[in-house]
Protein chains: 2
Amino acid sequence: MEEAQRLCFSTAFAGGRDGGIGGGSLPDAEERDMLSRKIVAAHDRLAKGTGDGSDMRGWLNFPASYIDSAEFRRILAAAETIKKADVLLVIGIGGSYLGARAVVEALTSRYYNDIRNGTPAIYFTGCNISESDYAALDAIIEGKDFCINVISKSGTTLEPALAFRHFRAKLEAKYQDRPKEADKRIFVTTDAKKGALLAQAKERGWKRFIVPANMGGRYSVLSAVGLLPIACAGVDVGALLRGAAAAQKAYAQPGAVPEDNACYWYAALRYHYYTRMRKAVELFAVYEPNMTLFGEWLKQLFGESDGKEFRGLFPASATFTTDLHSLGQYVQQGERLLFETVITFEQPANALGVTKQEHNGDELNYLAGKTLHEINETAFRATALAHQKGGCPSLHISLPGLDAESLGWLIYFFEKACAISGYMLGVNPFDQPGVEDYKSFMFALLGKPGEEHDKTRADLRAAYGMNI
Amino acid sequence: MEEAQRLCFSTAFAGGRDGGIGGGSLPDAEERDMLSRKIVAAHDRLAKGTGDGSDMRGWLNFPASYIDSAEFRRILAAAETIKKADVLLVIGIGGSYLGARAVVEALTSRYYNDIRNGTPAIYFTGCNISESDYAALDAIIEGKDFCINVISKSGTTLEPALAFRHFRAKLEAKYQDRPKEADKRIFVTTDAKKGALLAQAKERGWKRFIVPANMGGRYSVLSAVGLLPIACAGVDVGALLRGAAAAQKAYAQPGAVPEDNACYWYAALRYHYYTRMRKAVELFAVYEPNMTLFGEWLKQLFGESDGKEFRGLFPASATFTTDLHSLGQYVQQGERLLFETVITFEQPANALGVTKQEHNGDELNYLAGKTLHEINETAFRATALAHQKGGCPSLHISLPGLDAESLGWLIYFFEKACAISGYMLGVNPFDQPGVEDYKSFMFALLGKPGEEHDKTRADLRAAYGMNI
């Protein structure tokens, strides 16, 4: 396969191979020129670092260089150590959680813990404040040999800090006479230079990996943040990086026509649907249950990047055909506020077919000889056609197979498209200022010491008469 | 606890206990009168059967009567048989999938299969067309004693029919010399009077349960459709029904003022946010990961009921605090198209607290002595405050605990609110005509025999030049 063609982007049945359905949902010549100019301007801001948040572009040229780094080799070595354990607890939230879990499920199975072979069971914690969740994990690790990979830039983010305090105490209690055994089982991914977690790690001699300072959480899955837990699941993380590096090369420049760079053209069409077609929601749809968490990763990537200054497409996700039996009715006939971006894979990982049966009570014998993959692919085509016809434009991204190189390519495709989208929209695609609001109220209500929290408490008393 | 107060509905901080934030998002006196009249009209249509889809109101008075039925006793008996197996495969899609899985995860754990005690592992299949998913389940059931509960009104819905053909063949191959052993392990939930699955079940003597003819899939979780698999997980399904029956009684009539019936008032506020406040998306938010699938069930319930005739709120769901680190930025500062409906529980199932540590490197000692539940509750309050302040109105539903009676109550609350919402909106809340569009294209493309499919093929050839 020619690397430059690994990912195929098309506007599905909108003016494509199967006729002209929904052609009106594509930009006309005048708008295409405007989009083309906006693409070049956004590209320049990103490439030259003249846009907002330019100090957070570390992910842009990362994949091609990281694969030869010393830290990458240390990740592979650490993964071999962790693989000897029964259980790996990954502690992280947001970008320190979703990317790794999404890749593990996509490249192994959503049933990874049930069907793994020679690799540890992996549980993600530190991404909620649920007593039930803690209690379940306490039961799961009871009597097991478990390791911890705690991922936090600062070490003081509430959820992972709570989980690390809890599970570290379990580990230390287990090895109370041999503290070195506990320390050997803790792997830390944190800032290289500062923070509470770095200080603890240095003091205890825990193995350390770096959360790059120039990458936001949602752009960090291909750094140590994601790669260490992913490697522990037996995934070929080198192939993941190679796929991303190939995409980095393929999408480096705008082409002669906007369609030449699929990544930029996708970003431009998102902008078109949002501004010109007045769509409010982008529905990321997959046809493979193992990709469900990847949909969640996409929601974070685009939601946090676009959703500010009272603008941006609301990101939603669906796993079809499952959710055709829940959200399908709305997509077909509800408010016309949606467009969908569908991800499919040409080749299946397996080859299960429908067999003929003597008793044809289920009336499925007409499908005998077809593979499930062919039927799934047909369901996709029929659905895109129906949605277009119903007024929900359908964008389509297809890849040769659900393998590490393709997924690495896909991750980079979306990361760069997201950055370009943000600059087209006129926002900083790399910050998340709105996340501070609930945190500031929460720390005030929790009684956290500190002058800023005292000030918030005074504000809350004055504004709402709160007794705090 | 007074049954009539089991569920507490409030407009969170919108003019509530903590001051007047977001008060502008509540209806004024004039609109309140209009909503009050619309509530009574919708109630009359539902109660008297004068609205569209009146033949699908079977769920309305079901919970109170079903608990004393012979079929309910047969469910409990069948569950005891199934509990002796290692694995239960539940085959179903849409309403024959989401409700049961949501309740099992909510009342046991999202880690049910890892921590179950004396009950079978449960896997849900027949809700996708994924070869990877089939292959993983094939590996999981290998060498295990497994039962099948296949749930399909007709028996010819594509996804469950494919899965049943596949896994039934596995079961029959396993007991090829003792076909009675295979037949003993198949439990069928289907129409009482007609259909392909009923015919097969009669022929083979499989144990049968009924998909009520007067209940749509999304309203069927409290019938045999949901109760059999839920009972197999060891859940007290009697308590679930009792909770729903109590809600049935509590929400039977409109009150003197619209707030008196919380179920109706919630429906009215949804209508208010949609029509007057121009909100486009309702975000169902929970603070308990075990409730994540319940969010998916809500998306189906409201999306399929409201989303027609080019109208309706788009239903989304989030699990906080997890998703505050992904969707939180958008909710706080993106397009002002959202309102949120938050579900919390007053009492935790466990009582885990934060302990003081000598080394306070994570700076959490100020929380020592607090339970995780208290911290989670504070996160909810702070978030509702921040969202209201940012222009995202926040509705709040709270229940005493995440137990079977409360969840049964909550299910009925939402089912009835959904029906009332649909009638207020002027749509039939019980049909799903749009789901046929992709199915008709899919069967045509798959080459399904039949006159209607021939006609669709001719249409597709004529309209899009398709070579089929």
# chains A, B, ... in the order shown; residues from 1 in each chain; ligands from 1
>>> residues_around(residues="stretch 314-325 of chain B", least_positions_apart="5", cutoff="7 Å", atoms="only C-alpha atoms", output="ChimeraX atom specification")
/A:93-94,127-128 /B:280-289,292,295-296,299,302-303
>>> write_last_selection(atoms="C-alpha atoms", output="PDB file, in the first residue's frame")
ATOM      1  CA  ILE A  93      -8.149  11.294  33.742  1.00  0.00           C
ATOM      2  CA  GLY A  94      -9.025  13.103  30.509  1.00  0.00           C
ATOM      3  CA  CYS A 127     -10.975   9.048  36.336  1.00  0.00           C
ATOM      4  CA  ASN A 128     -13.944   9.331  38.702  1.00  0.00           C
TER       5      ASN A 128
ATOM      6  CA  ALA B 280     -30.963  21.751  21.040  1.00  0.00           C
ATOM      7  CA  VAL B 281     -29.270  19.112  23.193  1.00  0.00           C
ATOM      8  CA  GLU B 282     -30.218  17.506  26.510  1.00  0.00           C
ATOM      9  CA  LEU B 283     -27.157  16.159  28.268  1.00  0.00           C
ATOM     10  CA  PHE B 284     -27.993  13.369  30.708  1.00  0.00           C
ATOM     11  CA  ALA B 285     -25.244  13.408  33.314  1.00  0.00           C
ATOM     12  CA  VAL B 286     -24.447  10.889  36.037  1.00  0.00           C
ATOM     13  CA  TYR B 287     -21.664  10.886  38.634  1.00  0.00           C
ATOM     14  CA  GLU B 288     -21.465   7.122  38.951  1.00  0.00           C
ATOM     15  CA  PRO B 289     -19.661   5.057  36.269  1.00  0.00           C
ATOM     16  CA  THR B 292     -23.044   5.075  32.184  1.00  0.00           C
ATOM     17  CA  GLY B 295     -27.336   7.146  29.986  1.00  0.00           C
ATOM     18  CA  GLU B 296     -27.345   5.121  26.755  1.00  0.00           C
ATOM     19  CA  LYS B 299     -30.620   8.341  24.773  1.00  0.00           C
ATOM     20  CA  PHE B 302     -35.865  10.057  24.335  1.00  0.00           C
ATOM     21  CA  GLY B 303     -34.131  10.028  20.946  1.00  0.00           C
TER      22      GLY B 303
END
>>> residues_around(residues="stretch 221-231 of chain B", least_positions_apart="3", cutoff="7 Å", atoms="only C-alpha atoms", output="PDB file with N, CA, C and O atoms, in the first residue's frame")
ATOM      1  N   ILE B  75     -39.939 -16.433  35.335  1.00  0.00           N
ATOM      2  CA  ILE B  75     -38.654 -15.751  35.131  1.00  0.00           C
ATOM      3  C   ILE B  75     -37.692 -16.073  36.274  1.00  0.00           C
ATOM      4  O   ILE B  75     -36.529 -16.412  36.056  1.00  0.00           O
ATOM      5  N   LEU B  76     -38.205 -15.977  37.501  1.00  0.00           N
ATOM      6  CA  LEU B  76     -37.353 -16.257  38.654  1.00  0.00           C
ATOM      7  C   LEU B  76     -36.842 -17.698  38.609  1.00  0.00           C
ATOM      8  O   LEU B  76     -35.670 -17.962  38.906  1.00  0.00           O
ATOM      9  N   ALA B  79     -34.206 -18.061  35.861  1.00  0.00           N
ATOM     10  CA  ALA B  79     -32.949 -17.434  36.276  1.00  0.00           C
ATOM     11  C   ALA B  79     -32.151 -18.373  37.166  1.00  0.00           C
ATOM     12  O   ALA B  79     -30.921 -18.462  37.050  1.00  0.00           O
ATOM     13  N   SER B  96     -34.096  -4.417  23.272  1.00  0.00           N
ATOM     14  CA  SER B  96     -33.868  -5.782  23.761  1.00  0.00           C
ATOM     15  C   SER B  96     -32.428  -5.986  24.218  1.00  0.00           C
ATOM     16  O   SER B  96     -31.972  -7.103  24.386  1.00  0.00           O
ATOM     17  N   GLY B  99     -31.656  -1.813  27.946  1.00  0.00           N
ATOM     18  CA  GLY B  99     -32.269  -1.742  29.264  1.00  0.00           C
ATOM     19  C   GLY B  99     -31.679  -2.755  30.220  1.00  0.00           C
ATOM     20  O   GLY B  99     -31.261  -2.412  31.331  1.00  0.00           O
ATOM     21  N   ALA B 100     -31.605  -4.005  29.781  1.00  0.00           N
ATOM     22  CA  ALA B 100     -31.081  -5.050  30.659  1.00  0.00           C
ATOM     23  C   ALA B 100     -29.628  -4.761  31.033  1.00  0.00           C
ATOM     24  O   ALA B 100     -29.239  -4.835  32.196  1.00  0.00           O
ATOM     25  N   VAL B 103     -29.381  -1.842  33.558  1.00  0.00           N
ATOM     26  CA  VAL B 103     -29.793  -2.158  34.929  1.00  0.00           C
ATOM     27  C   VAL B 103     -28.786  -3.075  35.606  1.00  0.00           C
ATOM     28  O   VAL B 103     -28.440  -2.885  36.783  1.00  0.00           O
ATOM     29  N   VAL B 104     -28.269  -4.065  34.882  1.00  0.00           N
ATOM     30  CA  VAL B 104     -27.267  -4.962  35.485  1.00  0.00           C
ATOM     31  C   VAL B 104     -26.052  -4.161  35.936  1.00  0.00           C
ATOM     32  O   VAL B 104     -25.579  -4.302  37.071  1.00  0.00           O
ATOM     33  N   ILE B 151     -33.634 -12.509  22.468  1.00  0.00           N
ATOM     34  CA  ILE B 151     -34.760 -11.594  22.661  1.00  0.00           C
ATOM     35  C   ILE B 151     -35.049 -10.875  21.352  1.00  0.00           C
ATOM     36  O   ILE B 151     -34.249 -10.065  20.891  1.00  0.00           O
ATOM     37  N   THR B 189     -37.254 -14.993  24.326  1.00  0.00           N
ATOM     38  CA  THR B 189     -38.215 -13.949  24.670  1.00  0.00           C
ATOM     39  C   THR B 189     -38.699 -13.354  23.355  1.00  0.00           C
ATOM     40  O   THR B 189     -37.915 -12.745  22.617  1.00  0.00           O
ATOM     41  N   PHE B 209     -40.655 -16.752  26.856  1.00  0.00           N
ATOM     42  CA  PHE B 209     -41.158 -15.584  27.588  1.00  0.00           C
ATOM     43  C   PHE B 209     -41.653 -14.567  26.570  1.00  0.00           C
ATOM     44  O   PHE B 209     -41.316 -14.649  25.396  1.00  0.00           O
ATOM     45  N   ILE B 210     -42.438 -13.631  27.059  1.00  0.00           N
ATOM     46  CA  ILE B 210     -43.200 -12.799  26.122  1.00  0.00           C
ATOM     47  C   ILE B 210     -42.656 -11.372  25.974  1.00  0.00           C
ATOM     48  O   ILE B 210     -42.424 -10.673  26.954  1.00  0.00           O
ATOM     49  N   VAL B 211     -42.446 -10.956  24.721  1.00  0.00           N
ATOM     50  CA  VAL B 211     -42.273  -9.533  24.396  1.00  0.00           C
ATOM     51  C   VAL B 211     -43.696  -8.990  24.230  1.00  0.00           C
ATOM     52  O   VAL B 211     -44.374  -9.338  23.264  1.00  0.00           O
ATOM     53  N   GLY B 234     -28.448 -11.772  39.508  1.00  0.00           N
ATOM     54  CA  GLY B 234     -28.654 -11.771  40.949  1.00  0.00           C
ATOM     55  C   GLY B 234     -29.352 -10.517  41.465  1.00  0.00           C
ATOM     56  O   GLY B 234     -29.423 -10.297  42.676  1.00  0.00           O
ATOM     57  N   VAL B 235     -29.875  -9.706  40.570  1.00  0.00           N
ATOM     58  CA  VAL B 235     -30.584  -8.491  40.983  1.00  0.00           C
ATOM     59  C   VAL B 235     -31.982  -8.855  41.484  1.00  0.00           C
ATOM     60  O   VAL B 235     -32.630  -9.753  40.948  1.00  0.00           O
ATOM     61  N   ASP B 236     -32.433  -8.162  42.512  1.00  0.00           N
ATOM     62  CA  ASP B 236     -33.780  -8.378  43.050  1.00  0.00           C
ATOM     63  C   ASP B 236     -34.792  -7.707  42.122  1.00  0.00           C
ATOM     64  O   ASP B 236     -35.128  -6.530  42.272  1.00  0.00           O
ATOM     65  N   VAL B 237     -35.285  -8.475  41.138  1.00  0.00           N
ATOM     66  CA  VAL B 237     -36.171  -7.895  40.129  1.00  0.00           C
ATOM     67  C   VAL B 237     -37.552  -7.572  40.714  1.00  0.00           C
ATOM     68  O   VAL B 237     -38.269  -6.707  40.197  1.00  0.00           O
ATOM     69  N   LEU B 241     -39.498  -3.949  40.263  1.00  0.00           N
ATOM     70  CA  LEU B 241     -40.907  -3.770  39.903  1.00  0.00           C
ATOM     71  C   LEU B 241     -41.667  -2.990  40.976  1.00  0.00           C
ATOM     72  O   LEU B 241     -42.510  -2.150  40.661  1.00  0.00           O
TER      73      LEU B 241
END
>>> select_by_dssp(residues="stretch 136-353 of chain A", states="strand (DSSP E or B)", output="ChimeraX atom specification")
/A:146-151,186-190,207-210,281-286,314-319,338-347,353
>>> write_last_selection(atoms="C-alpha atoms", output="short mmCIF file (atom, residue, chain, number, x, y, z; two decimals), in the first residue's frame")
data_model
loop_
_atom_site.label_atom_id
_atom_site.label_comp_id
_atom_site.auth_asym_id
_atom_site.auth_seq_id
_atom_site.Cartn_x
_atom_site.Cartn_y
_atom_site.Cartn_z
CA PHE A 146 -0.49 -5.56 40.53
CA CYS A 147 1.45 -2.60 39.15
CA ILE A 148 0.43 1.04 38.97
CA ASN A 149 1.06 3.49 36.14
CA VAL A 150 0.05 6.89 37.47
CA ILE A 151 -0.21 9.59 34.82
CA ILE A 186 4.97 2.01 40.56
CA PHE A 187 5.55 3.69 37.18
CA VAL A 188 5.08 7.41 36.97
CA THR A 189 4.33 9.52 33.91
CA THR A 190 4.60 13.19 34.83
CA LYS A 207 10.58 4.65 37.22
CA ARG A 208 9.69 7.92 35.48
CA PHE A 209 8.33 8.84 32.05
CA ILE A 210 7.56 12.25 30.68
CA VAL A 281 -23.62 18.46 16.16
CA GLU A 282 -20.94 16.25 14.60
CA LEU A 283 -21.74 12.59 15.13
CA PHE A 284 -18.64 10.39 14.98
CA ALA A 285 -19.86 6.96 13.92
CA VAL A 286 -18.01 3.65 13.87
CA PHE A 314 -21.06 19.69 19.80
CA PRO A 315 -19.28 16.31 19.45
CA ALA A 316 -21.32 13.12 19.83
CA SER A 317 -20.45 9.53 19.03
CA ALA A 318 -22.26 6.36 18.10
CA THR A 319 -21.44 2.75 17.44
CA LEU A 338 -26.46 16.72 12.58
CA PHE A 339 -23.80 15.62 10.17
CA GLU A 340 -21.91 12.38 10.63
CA THR A 341 -18.25 11.45 10.23
CA VAL A 342 -18.02 7.70 9.73
CA ILE A 343 -14.89 5.58 10.19
CA THR A 344 -14.70 2.14 8.58
CA PHE A 345 -12.02 -0.45 7.81
CA GLU A 346 -11.74 -2.29 4.52
CA GLN A 347 -10.35 -5.60 5.74
CA GLY A 353 -19.25 -16.06 7.47
#
>>> residues_around(residues="stretch 366-371 of chain A", least_positions_apart="2", cutoff="6 Å", atoms="only C-alpha atoms", output="list in words")
Leu352, Gly353, Val354, Thr355, Lys356, Leu364, His373 and Glu374 of chain A
>>> closest_residue(among="B:Leu298, B:Asn360, B:Tyr123, B:Ala417", to="A:Gly155", atoms="only C-alpha atoms")
B:Asn360
>>> closest_residue(among="A:Lys144, A:Ala169, A:Arg461, A:Pro429", to="B:Glu358", atoms="only C-alpha atoms")
A:Ala169
>>> residues_around(residues="B:Asn467", least_positions_apart="4", cutoff="10 Å", atoms="only C-alpha atoms", output="ChimeraX atom specification")
/A:18 /B:445,457,460-462
>>> select_by_dssp(residues="stretch 53-243 of chain A", states="alpha helix (DSSP H)", output="ChimeraX atom specification")
/A:62-66,70-82,98-107,112-115,131-141,158-174,179-184,196-204,224-232,237-243
>>> residues_around(residues="A:Ala458", least_positions_apart="5", cutoff="12 Å", atoms="only C-alpha atoms", output="PDB file with N, CA and C atoms, in the first residue's frame")
ATOM      1  N   PHE A 441     -14.939  26.320  41.989  1.00  0.00           N
ATOM      2  CA  PHE A 441     -16.048  26.181  42.941  1.00  0.00           C
ATOM      3  C   PHE A 441     -15.862  24.938  43.814  1.00  0.00           C
ATOM      4  N   ALA A 444     -13.248  25.364  46.475  1.00  0.00           N
ATOM      5  CA  ALA A 444     -13.783  26.265  47.507  1.00  0.00           C
ATOM      6  C   ALA A 444     -14.744  25.513  48.425  1.00  0.00           C
ATOM      7  N   LEU A 445     -15.666  24.728  47.822  1.00  0.00           N
ATOM      8  CA  LEU A 445     -16.654  23.998  48.626  1.00  0.00           C
ATOM      9  C   LEU A 445     -16.006  22.895  49.455  1.00  0.00           C
ATOM     10  N   GLU A 451      -5.238  31.116  49.395  1.00  0.00           N
ATOM     11  CA  GLU A 451      -5.796  32.457  49.264  1.00  0.00           C
ATOM     12  C   GLU A 451      -6.848  32.521  48.143  1.00  0.00           C
ATOM     13  N   GLU A 452      -6.510  31.897  46.972  1.00  0.00           N
ATOM     14  CA  GLU A 452      -7.462  31.942  45.855  1.00  0.00           C
ATOM     15  C   GLU A 452      -8.783  31.271  46.228  1.00  0.00           C
ATOM     16  N   HIS A 453      -8.690  30.181  47.012  1.00  0.00           N
ATOM     17  CA  HIS A 453      -9.909  29.477  47.417  1.00  0.00           C
ATOM     18  C   HIS A 453     -10.689  30.286  48.449  1.00  0.00           C
ATOM     19  N   ALA A 463     -22.480  36.214  46.673  1.00  0.00           N
ATOM     20  CA  ALA A 463     -23.398  36.096  45.537  1.00  0.00           C
ATOM     21  C   ALA A 463     -24.625  35.253  45.859  1.00  0.00           C
ATOM     22  N   TYR A 464     -24.438  34.150  46.585  1.00  0.00           N
ATOM     23  CA  TYR A 464     -25.542  33.198  46.752  1.00  0.00           C
ATOM     24  C   TYR A 464     -25.883  32.917  48.214  1.00  0.00           C
ATOM     25  N   GLY A 465     -25.291  33.675  49.099  1.00  0.00           N
ATOM     26  CA  GLY A 465     -25.583  33.466  50.515  1.00  0.00           C
ATOM     27  C   GLY A 465     -25.192  32.089  51.015  1.00  0.00           C
ATOM     28  N   MET A 466     -24.207  31.480  50.363  1.00  0.00           N
ATOM     29  CA  MET A 466     -23.799  30.128  50.786  1.00  0.00           C
ATOM     30  C   MET A 466     -23.123  30.166  52.151  1.00  0.00           C
ATOM     31  N   ASN A 467     -23.432  29.143  52.923  1.00  0.00           N
ATOM     32  CA  ASN A 467     -22.877  29.049  54.260  1.00  0.00           C
ATOM     33  C   ASN A 467     -21.589  28.233  54.226  1.00  0.00           C
ATOM     34  N   ILE A 468     -20.528  28.832  53.692  1.00  0.00           N
ATOM     35  CA  ILE A 468     -19.253  28.102  53.612  1.00  0.00           C
ATOM     36  C   ILE A 468     -18.122  28.937  54.184  1.00  0.00           C
TER      37      ILE A 468
END
>>> closest_residue(among="A:His396, A:Lys202, A:His272, A:Arg74", to="chain B", atoms="only C-alpha atoms")
A:Lys202
>>> closest_residue(among="B:Leu171, B:Ile122, B:Ala262, B:Met442", to="B:Phe414", atoms="only C-alpha atoms")
B:Ala262
>>> closest_residue(among="A:His359, A:Arg278, A:Arg311, A:Lys194", to="chain B", atoms="only C-alpha atoms")
A:Arg311
>>> closest_residue(among="A:Thr108, A:Ser394, A:Thr11, A:Ser406", to="chain B", atoms="only C-alpha atoms")
A:Thr108
>>> atom_distance(atom1="atom CA of B:Leu293", atom2="atom CA of B:Ala252")
27.5 Å
>>> residues_around(residues="A:Tyr438", least_positions_apart="2", cutoff="12 Å", atoms="only C-alpha atoms", output="number ranges by chain")
A: 433-436, 440-446, 456; B: 320-321, 324-325, 328-329, 331-333, 378-390
>>> residues_around(residues="stretch 139-141 of chain B", least_positions_apart="3", cutoff="9 Å", atoms="only C-alpha atoms", output="PyMOL selection string")
(chain A and resi 111+114-115) or (chain B and resi 86-87+134-136+144-146)
